[in-house]
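Asker: Structure supplied as query25.tsv; contents: TSV, C-alpha atoms and all ligand atoms.
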chain	number	residue	atom	x	y	z
D	276	MET	CA	157.06	-1.43	-48.20
D	277	LEU	CA	156.53	-5.16	-47.61
D	278	PHE	CA	158.00	-7.29	-44.84
D	279	LYS	CA	157.81	-10.98	-45.75
D	280	ASN	CA	157.76	-14.04	-43.47
D	281	ALA	CA	157.47	-12.52	-40.02
D	282	CYS	CA	156.88	-14.62	-36.93
D	283	ILE	CA	154.48	-12.17	-35.27
D	284	GLU	CA	154.40	-12.57	-31.49
D	285	ASN	CA	155.53	-16.24	-31.51
D	286	SER	CA	152.89	-17.26	-34.06
D	287	SER	CA	153.50	-20.64	-35.70
D	288	VAL	CA	152.25	-19.23	-39.03
D	289	LEU	CA	154.49	-16.74	-40.85
D	290	ARG	CA	152.78	-13.60	-42.14
D	291	ASP	CA	153.61	-10.66	-44.38
D	292	ILE	CA	153.17	-7.04	-43.40
D	293	ARG	CA	152.60	-4.10	-45.74
D	294	VAL	CA	153.51	-0.68	-44.37
D	295	GLU	CA	152.06	2.41	-46.01
D	296	ASP	CA	152.10	6.02	-44.81
D	297	GLY	CA	153.61	4.96	-41.48
D	298	LYS	CA	150.76	2.52	-40.73
D	299	PHE	CA	150.21	-1.23	-40.93
D	300	ALA	CA	148.19	-1.33	-44.17
D	301	LYS	CA	147.80	-5.11	-44.44
D	302	ILE	CA	148.81	-8.15	-42.40
D	303	ALA	CA	148.21	-11.54	-44.01
D	304	GLU	CA	149.83	-14.68	-45.38
D	305	ASN	CA	151.45	-14.49	-48.83
D	306	ILE	CA	150.89	-10.84	-49.79
D	307	GLU	CA	152.01	-10.18	-53.38
D	308	ALA	CA	154.47	-7.33	-53.75
D	309	ASN	CA	153.30	-4.38	-55.81
D	310	PRO	CA	155.43	-3.37	-58.81
D	311	GLY	CA	158.48	-1.48	-57.52
D	312	GLU	CA	157.60	-2.07	-53.85
D	313	GLU	CA	160.55	-2.45	-51.47
D	314	VAL	CA	160.55	-6.00	-50.00
D	315	ILE	CA	162.41	-7.15	-46.89
D	316	ASP	CA	162.40	-10.91	-46.24
D	317	LEU	CA	162.53	-11.52	-42.49
D	318	GLY	CA	163.02	-15.26	-43.01
D	319	GLY	CA	160.83	-16.31	-40.08
D	320	LYS	CA	162.38	-13.98	-37.53
D	321	LEU	CA	160.44	-12.78	-34.51
D	322	LEU	CA	158.48	-9.54	-34.93
D	323	LEU	CA	157.10	-7.90	-31.80
D	324	PRO	CA	155.43	-4.63	-30.91
D	325	PRO	CA	158.10	-2.21	-29.69
D	326	PHE	CA	159.48	-2.55	-26.20
D	327	ILE	CA	158.18	-0.25	-23.49
D	328	GLU	CA	160.10	0.93	-20.45
D	329	SER	CA	157.19	1.40	-18.05
D	330	HIS	CA	159.18	2.58	-15.02
D	331	VAL	CA	162.51	4.35	-15.03
D	332	HIS	CA	164.15	7.41	-13.47
D	333	LEU	CA	165.90	9.08	-16.40
D	334	ASP	CA	166.80	12.17	-14.36
D	335	THR	CA	169.28	10.15	-12.27
D	336	CYS	CA	170.53	7.78	-14.98
D	337	LEU	CA	174.21	7.34	-15.86
D	338	THR	CA	175.52	8.93	-12.67
D	339	ALA	CA	176.88	5.85	-10.83
D	340	GLY	CA	180.27	6.64	-9.25
D	341	ASP	CA	179.87	10.40	-9.81
D	342	PRO	CA	181.13	11.77	-7.48
D	343	VAL	CA	181.18	8.65	-5.27
D	344	TRP	CA	180.19	5.00	-5.59
D	345	ASN	CA	177.47	3.48	-3.44
D	346	MET	CA	179.74	1.01	-1.61
D	347	SER	CA	177.08	-0.70	0.54
D	348	GLY	CA	174.53	-0.91	-2.26
D	349	THR	CA	171.72	0.20	0.05
D	350	LEU	CA	168.87	2.57	-0.75
D	351	PHE	CA	170.05	4.92	1.99
D	352	GLU	CA	173.66	5.20	0.80
D	353	GLY	CA	172.17	5.72	-2.65
D	354	ILE	CA	170.25	8.73	-1.33
D	355	GLU	CA	173.50	10.10	0.22
D	356	CYS	CA	175.38	9.64	-3.07
D	357	TRP	CA	172.58	11.34	-4.98
D	358	SER	CA	172.47	14.32	-2.63
D	359	LYS	CA	176.18	14.91	-3.45
D	360	ARG	CA	175.47	14.57	-7.20
D	361	LYS	CA	172.37	16.78	-6.96
D	362	ASP	CA	174.63	19.82	-6.39
D	363	LYS	CA	175.81	19.51	-10.00
D	364	LEU	CA	172.32	19.13	-11.43
D	365	SER	CA	171.62	21.53	-14.29
D	366	LYS	CA	169.30	21.39	-17.24
D	367	ALA	CA	172.25	20.79	-19.59
D	368	ASP	CA	173.54	17.96	-17.39
D	369	VAL	CA	170.15	16.20	-17.31
D	370	LYS	CA	169.66	16.63	-21.05
D	371	GLU	CA	173.11	15.28	-21.92
D	372	ARG	CA	172.63	12.13	-19.82
D	373	VAL	CA	169.04	11.48	-20.90
D	374	ASN	CA	170.01	11.88	-24.55
D	375	ARG	CA	172.62	9.15	-24.10
D	376	ALA	CA	170.28	6.86	-22.13
D	377	VAL	CA	167.43	7.19	-24.64
D	378	ARG	CA	169.76	6.16	-27.46
D	379	MET	CA	170.88	3.12	-25.44
D	380	GLN	CA	167.23	2.20	-24.96
D	381	ALA	CA	166.34	2.80	-28.63
D	382	ALA	CA	169.21	0.57	-29.78
D	383	ASN	CA	167.60	-2.19	-27.72
D	384	GLY	CA	164.14	-1.77	-29.26
D	385	VAL	CA	162.53	0.56	-26.71
D	386	GLN	CA	160.19	3.17	-28.24
D	387	PHE	CA	158.10	4.25	-25.24
D	388	VAL	CA	159.34	5.33	-21.82
D	389	ARG	CA	157.53	6.33	-18.65
D	390	THR	CA	160.03	8.26	-16.57
D	391	HIS	CA	159.54	9.41	-13.01
D	392	VAL	CA	161.10	12.82	-12.45
D	393	ASP	CA	161.91	14.10	-8.97
D	394	VAL	CA	159.88	17.22	-8.23
D	395	THR	CA	161.09	17.69	-4.65
D	396	ASP	CA	163.33	20.41	-6.03
D	397	PRO	CA	162.22	24.03	-5.64
D	398	LYS	CA	163.65	24.83	-9.09
D	399	LEU	CA	162.10	21.79	-10.86
D	400	THR	CA	165.28	21.62	-12.97
D	401	ALA	CA	164.94	18.00	-14.10
D	402	MET	CA	161.23	18.45	-14.89
D	403	GLU	CA	162.02	21.39	-17.16
D	404	ALA	CA	164.74	19.37	-18.93
D	405	LEU	CA	162.52	16.31	-19.44
D	406	ILE	CA	159.65	18.39	-20.81
D	407	GLU	CA	162.00	19.83	-23.44
D	408	LEU	CA	163.38	16.36	-24.24
D	409	ARG	CA	159.86	14.89	-24.59
D	410	GLU	CA	159.32	17.30	-27.49
D	411	GLU	CA	162.83	17.04	-28.99
D	412	LEU	CA	162.83	13.22	-29.06
D	413	LYS	CA	159.18	12.57	-29.92
D	414	ASP	CA	159.87	11.11	-33.39
D	415	PHE	CA	162.08	8.41	-31.87
D	416	MET	CA	160.94	7.93	-28.30
D	417	GLU	CA	157.58	8.67	-26.73
D	418	ILE	CA	158.32	9.89	-23.23
D	419	GLN	CA	155.68	10.02	-20.49
D	420	ILE	CA	156.63	12.13	-17.50
D	421	VAL	CA	155.56	11.39	-13.95
D	422	ALA	CA	155.71	14.17	-11.37
D	423	PHE	CA	157.47	12.11	-8.70
D	424	PRO	CA	157.85	13.50	-5.17
D	425	GLN	CA	160.98	11.58	-4.11
D	426	GLU	CA	160.97	13.12	-0.61
D	427	GLY	CA	157.22	13.14	-0.10
D	428	ILE	CA	154.30	15.46	-0.73
D	429	LEU	CA	153.27	16.24	2.87
D	430	SER	CA	156.77	15.61	4.29
D	431	TYR	CA	158.65	18.02	1.99
D	432	PRO	CA	158.43	21.80	2.24
D	433	ASN	CA	155.88	23.14	-0.23
D	434	GLY	CA	155.41	19.61	-1.58
D	435	LYS	CA	151.79	20.03	-2.67
D	436	GLN	CA	152.53	23.23	-4.59
D	437	LEU	CA	155.52	21.62	-6.36
D	438	MET	CA	153.23	18.83	-7.54
D	439	ILE	CA	150.68	21.35	-8.81
D	440	ASP	CA	153.46	23.32	-10.55
D	441	ALA	CA	154.80	20.16	-12.21
D	442	VAL	CA	151.33	19.30	-13.52
D	443	ASN	CA	150.91	22.85	-14.81
D	444	MET	CA	154.30	22.61	-16.55
D	445	GLY	CA	153.02	19.57	-18.45
D	446	ALA	CA	153.62	16.36	-16.49
D	447	ASP	CA	151.56	13.50	-17.97
D	448	VAL	CA	151.21	11.47	-14.80
D	449	VAL	CA	150.86	12.27	-11.09
D	450	GLY	CA	153.02	10.30	-8.64
D	451	ALA	CA	153.23	9.83	-4.88
D	452	ILE	CA	155.41	8.01	-2.36
D	453	PRO	CA	153.17	7.07	0.57
D	454	HIS	CA	155.66	4.80	2.40
D	455	PHE	CA	158.15	7.68	2.64
D	456	GLU	CA	155.73	10.16	4.24
D	457	PHE	CA	156.35	10.86	7.94
D	458	THR	CA	153.09	9.39	9.23
D	459	ARG	CA	150.29	7.05	8.23
D	460	GLU	CA	147.99	10.11	8.11
D	461	TYR	CA	150.35	11.94	5.75
D	462	SER	CA	150.57	8.79	3.64
D	463	VAL	CA	146.79	8.62	3.14
D	464	GLU	CA	146.45	12.38	2.65
D	465	SER	CA	149.26	12.40	0.05
D	466	LEU	CA	147.45	9.71	-1.95
D	467	ASN	CA	144.11	11.49	-1.77
D	468	PHE	CA	145.81	14.70	-2.88
D	469	ALA	CA	147.72	13.09	-5.78
D	470	ILE	CA	144.79	11.09	-7.12
D	471	GLU	CA	142.41	14.04	-6.91
D	472	LEU	CA	145.01	16.26	-8.63
D	473	ALA	CA	145.19	13.72	-11.46
D	474	ALA	CA	141.40	13.41	-11.73
D	475	LYS	CA	140.96	17.20	-11.82
D	476	ASN	CA	143.55	17.60	-14.59
D	477	ASP	CA	142.70	14.46	-16.55
D	478	LYS	CA	146.13	12.90	-15.87
D	479	LEU	CA	147.20	9.34	-15.21
D	480	VAL	CA	148.44	8.20	-11.79
D	481	ASP	CA	151.57	6.16	-11.01
D	482	VAL	CA	152.44	5.79	-7.33
D	483	HIS	CA	155.73	4.56	-5.87
D	484	CYS	CA	153.71	2.36	-3.59
D	485	ASP	CA	155.02	0.54	-0.52
D	486	GLU	CA	158.61	0.17	-1.76
D	487	ILE	CA	159.75	-1.15	1.59
D	488	ASP	CA	159.94	-4.54	3.33
D	489	ASP	CA	157.51	-3.35	6.01
D	490	GLU	CA	154.41	-5.56	6.00
D	491	ALA	CA	152.51	-2.69	7.67
D	492	SER	CA	153.01	-0.43	4.64
D	493	ARG	CA	149.54	-0.41	3.12
D	494	GLY	CA	149.36	2.45	0.67
D	495	LEU	CA	148.16	0.00	-1.96
D	496	GLU	CA	144.70	-0.45	-0.44
D	497	THR	CA	144.22	3.34	-0.45
D	498	VAL	CA	145.40	3.64	-4.07
D	499	ALA	CA	143.03	0.88	-5.20
D	500	THR	CA	140.09	2.25	-3.21
D	501	ARG	CA	140.49	5.77	-4.60
D	502	ALA	CA	140.91	4.41	-8.17
D	503	LEU	CA	137.63	2.56	-7.70
D	504	GLU	CA	135.69	5.36	-6.02
D	505	LEU	CA	136.80	8.05	-8.48
D	506	GLU	CA	136.26	5.60	-11.37
D	507	LEU	CA	139.80	6.13	-12.62
D	508	PHE	CA	140.39	2.34	-12.78
D	509	ASP	CA	143.22	1.47	-15.21
D	510	LYS	CA	144.38	5.06	-15.40
D	511	VAL	CA	146.02	4.27	-12.05
D	512	THR	CA	149.21	2.28	-11.54
D	513	ALA	CA	150.90	0.99	-8.40
D	514	SER	CA	154.66	0.67	-8.91
D	515	HIS	CA	157.00	-1.50	-6.82
D	516	THR	CA	154.48	-2.71	-4.13
D	517	THR	CA	157.34	-4.67	-2.57
D	518	ALA	CA	155.66	-4.72	0.86
D	519	MET	CA	153.09	-7.02	-0.72
D	520	HIS	CA	155.85	-9.63	-0.77
D	521	SER	CA	155.75	-9.53	3.04
D	522	TYR	CA	151.99	-9.20	3.62
D	523	ASN	CA	150.32	-12.14	5.36
D	524	ASN	CA	148.28	-14.36	3.05
D	525	ALA	CA	144.97	-13.72	4.84
D	526	TYR	CA	145.34	-10.01	4.14
D	527	VAL	CA	146.36	-10.60	0.50
D	528	ASN	CA	143.32	-12.85	-0.03
D	529	ARG	CA	141.06	-10.04	1.08
D	530	LEU	CA	143.07	-7.37	-0.78
D	531	MET	CA	142.97	-9.27	-4.09
D	532	ARG	CA	139.20	-8.71	-4.39
D	533	LEU	CA	139.67	-4.94	-4.12
D	534	LEU	CA	142.60	-4.98	-6.57
D	535	LYS	CA	140.48	-6.76	-9.19
D	536	MET	CA	137.53	-4.41	-8.64
D	537	SER	CA	139.81	-1.37	-8.93
D	538	LYS	CA	141.31	-2.55	-12.29
D	539	ILE	CA	144.60	-0.78	-11.46
D	540	ASN	CA	147.90	-1.73	-13.14
D	541	PHE	CA	151.07	-2.91	-11.42
D	542	VAL	CA	154.70	-2.31	-12.34
D	543	SER	CA	157.34	-4.53	-10.81
D	544	ASN	CA	161.04	-3.66	-10.98
D	545	PRO	CA	162.80	-7.00	-10.44
D	546	LEU	CA	166.40	-5.89	-11.02
D	547	VAL	CA	166.39	-2.98	-8.62
D	548	ASN	CA	164.15	-4.43	-5.93
D	549	THR	CA	166.08	-7.71	-5.80
D	550	HIS	CA	169.15	-5.54	-5.29
D	551	LEU	CA	167.72	-3.07	-2.75
D	552	GLN	CA	165.15	-5.01	-0.72
D	553	GLY	CA	165.82	-7.48	2.07
D	554	ARG	CA	168.73	-5.31	3.21
D	555	VAL	CA	167.66	-5.23	6.85
D	556	ASP	CA	167.12	-8.99	6.94
D	557	THR	CA	169.75	-11.40	8.16
D	558	TYR	CA	168.74	-14.83	6.87
D	559	PRO	CA	166.42	-15.80	5.32
D	560	LYS	CA	166.54	-12.66	3.15
D	561	ARG	CA	163.35	-11.60	1.41
D	562	ARG	CA	163.39	-11.27	-2.37
D	563	GLY	CA	161.49	-7.99	-2.21
D	564	VAL	CA	159.55	-8.36	-5.44
D	565	THR	CA	155.78	-8.06	-5.51
D	566	ARG	CA	153.51	-11.07	-6.16
D	567	VAL	CA	153.68	-10.97	-9.96
D	568	LYS	CA	152.71	-14.60	-10.44
D	569	GLU	CA	149.60	-14.37	-8.25
D	570	LEU	CA	148.52	-10.98	-9.66
D	571	THR	CA	148.92	-12.30	-13.21
D	572	ALA	CA	146.92	-15.44	-12.35
D	573	GLU	CA	144.09	-13.19	-11.13
D	574	GLY	CA	144.04	-11.37	-14.48
D	575	ILE	CA	145.56	-8.18	-13.06
D	576	ASN	CA	147.82	-6.27	-15.45
D	577	VAL	CA	151.53	-6.31	-14.53
D	578	SER	CA	154.47	-4.90	-16.46
D	579	PHE	CA	158.20	-4.82	-15.71
D	580	GLY	CA	160.47	-1.76	-15.47
D	581	HIS	CA	164.23	-1.21	-15.19
D	582	ASP	CA	163.73	1.54	-12.58
D	583	ASP	CA	167.35	2.73	-12.45
D	584	ILE	CA	170.06	2.65	-15.10
D	585	PHE	CA	173.64	2.94	-13.78
D	586	ASP	CA	172.89	5.37	-10.97
D	587	PRO	CA	173.43	5.54	-7.18
D	588	TRP	CA	170.64	2.98	-6.58
D	589	TYR	CA	171.59	0.44	-9.23
D	590	PRO	CA	175.16	0.11	-10.54
D	591	LEU	CA	174.36	-1.74	-13.78
D	592	GLY	CA	172.04	-1.33	-16.77
D	593	ASN	CA	172.42	-0.60	-20.46
D	594	GLY	CA	168.83	0.21	-21.40
D	595	ASN	CA	168.08	-3.36	-22.48
D	596	MET	CA	164.75	-4.64	-21.16
D	597	ARG	CA	165.85	-8.25	-21.73
D	598	ASP	CA	167.76	-8.30	-18.44
D	599	VAL	CA	164.66	-7.03	-16.63
D	600	VAL	CA	162.54	-9.88	-17.98
D	601	PHE	CA	165.29	-12.43	-17.32
D	602	MET	CA	165.59	-11.44	-13.66
D	603	GLY	CA	161.83	-11.05	-13.29
D	604	LEU	CA	161.11	-14.60	-14.41
D	605	HIS	CA	163.71	-16.04	-12.04
D	606	VAL	CA	162.76	-14.09	-8.95
D	607	THR	CA	159.01	-14.65	-9.40
D	608	GLN	CA	159.55	-18.32	-10.29
D	609	MET	CA	157.70	-17.94	-13.59
D	610	MET	CA	159.93	-20.35	-15.49
D	611	GLY	CA	157.42	-22.68	-17.13
D	612	TYR	CA	157.58	-23.00	-20.93
D	613	ASP	CA	154.54	-20.77	-21.52
D	614	ASP	CA	155.73	-18.29	-18.87
D	615	ILE	CA	159.04	-17.84	-20.71
D	616	MET	CA	157.51	-17.80	-24.19
D	617	ASN	CA	154.92	-15.16	-23.24
D	618	SER	CA	157.16	-13.06	-21.00
D	619	TYR	CA	157.68	-10.40	-23.70
D	620	ASN	CA	154.21	-9.17	-22.69
D	621	PHE	CA	155.70	-7.69	-19.51
D	622	ILE	CA	157.64	-5.20	-21.64
D	623	THR	CA	155.18	-4.81	-24.54
D	624	ASN	CA	151.41	-5.34	-24.41
D	625	ASN	CA	151.01	-5.20	-20.62
D	626	ALA	CA	153.15	-2.08	-20.43
D	627	ALA	CA	151.08	-0.49	-23.22
D	628	ARG	CA	148.00	-0.86	-21.02
D	629	THR	CA	149.83	0.82	-18.15
D	630	LEU	CA	150.93	3.71	-20.37
D	631	TYR	CA	147.36	3.91	-21.69
D	632	LEU	CA	148.50	3.79	-25.31
D	633	GLY	CA	145.22	2.37	-26.66
D	634	ASP	CA	145.13	1.74	-30.40
D	635	ARG	CA	148.31	3.74	-30.95
D	636	TYR	CA	150.14	0.49	-30.11
D	637	GLY	CA	150.15	-3.11	-31.32
D	638	ILE	CA	150.61	-5.17	-34.48
D	639	ALA	CA	147.25	-4.66	-36.20
D	640	GLU	CA	146.02	-3.17	-39.46
D	641	GLY	CA	145.42	0.58	-39.25
D	642	ARG	CA	147.74	1.12	-36.28
D	643	PRO	CA	151.09	2.94	-36.43
D	644	ALA	CA	153.74	0.72	-38.05
D	645	SER	CA	155.94	0.52	-34.97
D	646	PHE	CA	157.67	-2.80	-34.29
D	647	VAL	CA	160.95	-4.57	-33.62
D	648	VAL	CA	162.51	-7.59	-35.33
D	649	MET	CA	164.70	-9.87	-33.23
D	650	ASP	CA	167.41	-12.27	-34.32
D	651	ALA	CA	165.45	-15.29	-33.07
D	652	LYS	CA	162.61	-17.57	-34.15
D	653	ASN	CA	160.56	-16.92	-31.00
D	654	TYR	CA	160.80	-15.06	-27.69
D	655	TYR	CA	161.97	-18.13	-25.77
D	656	ASP	CA	165.13	-18.20	-27.88
D	657	ALA	CA	165.44	-14.42	-27.94
D	658	LEU	CA	165.51	-14.38	-24.15
D	659	ASN	CA	167.73	-17.41	-23.77
D	660	TYR	CA	170.34	-16.35	-26.33
D	661	ASN	CA	170.14	-12.65	-25.52
D	662	SER	CA	169.29	-11.92	-29.16
D	663	PRO	CA	169.76	-8.40	-30.47
D	664	VAL	CA	167.00	-6.25	-31.93
D	665	LEU	CA	167.95	-6.36	-35.62
D	666	MET	CA	165.72	-3.45	-36.55
D	667	SER	CA	163.32	-1.09	-34.85
D	668	TYR	CA	160.69	0.76	-36.90
D	669	LYS	CA	158.64	3.62	-35.51
D	670	ASN	CA	155.71	4.93	-37.57
D	671	GLY	CA	157.16	3.14	-40.59
D	672	LYS	CA	160.63	4.66	-40.21
D	673	LYS	CA	163.72	2.69	-39.15
D	674	ILE	CA	165.14	4.25	-36.00
D	675	ALA	CA	167.65	1.60	-34.86
D	676	GLU	CA	169.45	-1.47	-36.13
D	677	ALA	CA	172.01	-4.03	-35.00
D	678	THR	CA	174.45	-6.44	-36.56
D	679	PRO	CA	174.54	-9.71	-34.62
D	680	ALA	CA	177.90	-10.62	-33.12
D	681	VAL	CA	179.30	-13.97	-34.27
D	682	ARG	CA	180.69	-16.10	-31.46
D	683	THR	CA	182.37	-19.29	-32.62
D	684	ALA	CA	184.17	-22.02	-30.69
D	685	LEU	CA	187.42	-22.83	-32.52
D	686	PHE	CA	187.43	-26.58	-31.91
R	1	FE2	FE	161.13	3.83	-9.03
Represent the structure contained in this file as C-alpha cells.
Answerer:
Amino acid sequence: MLFKNACIENSSVLRDIRVEDGKFAKIAENIEANPGEEVIDLGGKLLLPPFIESHVHLDTCLTAGDPVWNMSGTLFEGIECWSKRKDKLSKADVKERVNRAVRMQAANGVQFVRTHVDVTDPKLTAMEALIELREELKDFMEIQIVAFPQEGILSYPNGKQLMIDAVNMGADVVGAIPHFEFTREYSVESLNFAIELAAKNDKLVDVHCDEIDDEASRGLETVATRALELELFDKVTASHTTAMHSYNNAYVNRLMRLLKMSKINFVSNPLVNTHLQGRVDTYPKRRGVTRVKELTAEGINVSFGHDDIFDPWYPLGNGNMRDVVFMGLHVTQMMGYDDIMNSYNFITNNAARTLYLGDRYGIAEGRPASFVVMDAKNYYDALNYNSPVLMSYKNGKKIAEATPAVRTALF
C-alpha cells in the first residue's frame, strides 16, 4: 500500500510512504507504485504520528451530572459528586463507559492512552475492568494503566497493600499523590514507597505531583531526587505540578538543575487545571498550570493530557486532544509561530517519551505503520481550523476515519 504526497510533520517537502506487513517499509520522495499496489494520494495533507493521551482518568469518564452536577466547579464538590457516583461503580459500568470514551478518542486520532485508575477501593473494581479492557482493545488502542491512589497511600486504610495488589494484578505504572497525604512525612514516605515499588517490579512511575496552589507543596523535588538516585530517570513522570506555578523564582532556579539531572518527564493538564486551580484566590487568580514554557526551554520533556473527560471534575471533553493543545498554548503564552506549528509534539512525540514507547512509535522506516492524516496542510492550520483526523492507521490497518463538514456562508 502506497500513500503519496504526505506532508510529514509539517515538512515543506512532500514524501511518499509504502506500508507493508503493518510497518513503514519505505519513506521517500516519488516512490513508484508496484503493479497492482493500492495507492492513496494524500494531496499534500498533514501526516503525523498518532495522538497520545498521556494523562486521563478513564474510570471516571462520562459521568458528569450522574447523579448530580458539580455546581461550584471545585475539586472538592467534584469529590462529593464522585463519592455519590462511586456507589454505582461496577465492572460492567466502567467497561461500558470506557468503551464509549475510547471510541471517541480513536475517532479523533488517539491510539495510545495512559489512564490513571483509582486503587483506593478495597475491591479494585475499576482496576479489574481496565485490565480486561487493555487486552480487549489492544488492536485499536494501547492502554497503559497507572495504579493511582486517589485518597493517598499512607492516608488511606491499607493503602500500601492496595498499591502492591494493583501492581500484582498487572498495572503498568505506579502512581502517588503526595500533596493529598496527611503530613509532609507521609508525603515523602509515600513517594519513597511508590518509586521503590516501581523499581522492584520494573514498572514506570507517574505521580500526581503537587496538584494544589500551595507554594509549600514540594513533592516534585523528592520525585526528581529519587528518580536520579535510583537511576530510573525518564521512566519517571511528574503530572500536574501546578504548585510550581506558585513557587518563588529563586527556588525554581535551584530546582531546575535537579530536574534536568533527573531527566524526568512532565505532564501538564491545561484544560482541567485552568478550571480547577486558583479557586481559593480572589483576584488576581492564578492560572494553575505548571511552567511549561520554562521547562521546555530547558530541554525537559513535557506533554499535555486531557485529565478528565465529562466527569465530576471537568464538565466538558469529547476525547479530542486538539482542545488540550489549544488551551495549553494560550495559558502558557506559547503563541509564537514556531510554538503553534510545533505544538503537536505535546500530544505526539513528547508524550511517546513519557509513555516510554521507544521505537514502537514514530514515522520512520521499520517502525509500526501507525499514523493519522489531518485535513490541513500543516499543524498551524489544523489547530486553527479545528481540522478533523481524516484517517487513522494503526499497524497498517485503518481504525478510524472522518468526513469533513462543509460550512459555507451563503452571501
Ligand atoms: Fe489527573
Asker: Would you mind reading off the distance between atom CA of Lys672 of chain D and atom CA of Arg628 of chain D, one decimal, in Å?
Answerer: 23.6 Å
Asker: Could you tell me how far atom CA of Ala651 of chain D lies from atom CA of Arg682 of chain D, in Å and to one decimal?
Answerer: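 Distance reported for this atom pair: 15.3 Å.
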Asker: Could you tell me which of D:Gly353, D:Gly574, D:Gly348, D:Gly384 comes closest to Ile674 of chain D if we count only C-alpha atoms?
Answerer: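 Nearest to Ile674 of chain D: D:Gly384.
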Asker: What residues of the protein or nucleic acid chains come within 7 Å of ligand FE2 1 (chain R) when you use only C-alpha atoms and all ligand atoms? Reply as a list in words.
Answerer: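 Residues satisfying the distance criterion: His330, Val331, His332, His483 and Asp582 of chain D.
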Asker: Which residue out of D:Glu506, D:Thr497, D:Leu322, D:Asp488 has the minimum interatomic distance to Tyr522 of chain D when only C-alpha atoms are used?
Answerer: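 Between D:Glu506, D:Thr497, D:Leu322, D:Asp488, the residue approaching Tyr522 of chain D most closely is D:Asp488.
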Asker: What is the distance, in Å and to one decimal place, between atom CA of Arg566 of chain D and atom CA of Val511 of chain D?
Answerer: 18.1 Å
Asker: Got a sec: who's within 6 Å of Leu321 of chain D, counting all atoms listed in the file, leaving out chain neighbours fewer than 4 positions off, as a list in words?
Answerer: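 Those residues are Cys282, Val648, Met649, Ala651, Lys652 and Asn653 of chain D.
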Asker: May I have the residues within 12 Å of Ala572 of chain D as a list in words, using only C-alpha atoms and disregarding those fewer than 4 positions away in the same chain?
Answerer: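 My list of contacting residues is Met531, Lys535, Arg566, Val567, Lys568, Asn576, Val577, Met609 and Asp614 of chain D.
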Asker: Write the residues you've just listed into a file as a compact mmCIF listing (two decimals), in the coordinates of the input, and include C-alpha atoms for each of them.
Answerer:
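Final output, part-v4.txt:
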# COMPACT_ATOMS: atom_id res chain seq x y z
CA MET D 531 142.97 -9.27 -4.09
CA LYS D 535 140.48 -6.76 -9.19
CA ARG D 566 153.51 -11.07 -6.16
CA VAL D 567 153.68 -10.97 -9.96
CA LYS D 568 152.71 -14.60 -10.44
CA ASN D 576 147.82 -6.27 -15.45
CA VAL D 577 151.53 -6.31 -14.53
CA MET D 609 157.70 -17.94 -13.59
CA ASP D 614 155.73 -18.29 -18.87
Asker: Which residues are near Phe278 of chain D? Cut-off 10 Å, all atoms listed in the file, ignore same chain within fewer than 3 positions. Put them as a ChimeraX atom specification.
Answerer: /D:281,290-294,302,306,308,313-318
Asker: Pull C-alpha atoms from the residues just selected and write them as a short mmCIF file (atom, residue, chain, number, x, y, z; two decimals), in the coordinates of the input.
Answerer:
data_model
loop_
_atom_site.label_atom_id
_atom_site.label_comp_id
_atom_site.auth_asym_id
_atom_site.auth_seq_id
_atom_site.Cartn_x
_atom_site.Cartn_y
_atom_site.Cartn_z
CA ALA D 281 157.47 -12.52 -40.02
CA ARG D 290 152.78 -13.60 -42.14
CA ASP D 291 153.61 -10.66 -44.38
CA ILE D 292 153.17 -7.04 -43.40
CA ARG D 293 152.60 -4.10 -45.74
CA VAL D 294 153.51 -0.68 -44.37
CA ILE D 302 148.81 -8.15 -42.40
CA ILE D 306 150.89 -10.84 -49.79
CA ALA D 308 154.47 -7.33 -53.75
CA GLU D 313 160.55 -2.45 -51.47
CA VAL D 314 160.55 -6.00 -50.00
CA ILE D 315 162.41 -7.15 -46.89
CA ASP D 316 162.40 -10.91 -46.24
CA LEU D 317 162.53 -11.52 -42.49
CA GLY D 318 163.02 -15.26 -43.01
#
Asker: Quick one: everything within 8 Å of segment 538-545 of chain D, counting all atoms listed in the file, minus sequence neighbours fewer than 6 positions away in the same chain. Send it as a PyMOL selection string.
Answerer: chain D and resi 329-330+499+502-503+508-516+564-565+567+575-582+599+602-603+606+628-629
Asker: What's the 12 Å shell around Ser365 of chain D, counting all atoms listed in the file, without same-chain residues fewer than 6 positions away, as a list in words?
Answerer: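 Surrounding residues, per the criterion: Asp334, Thr335, Glu371, Arg372, Asp396, Lys398, Leu399, Thr400, Ala401, Met402, Glu403, Ala404 and Leu405 of chain D.
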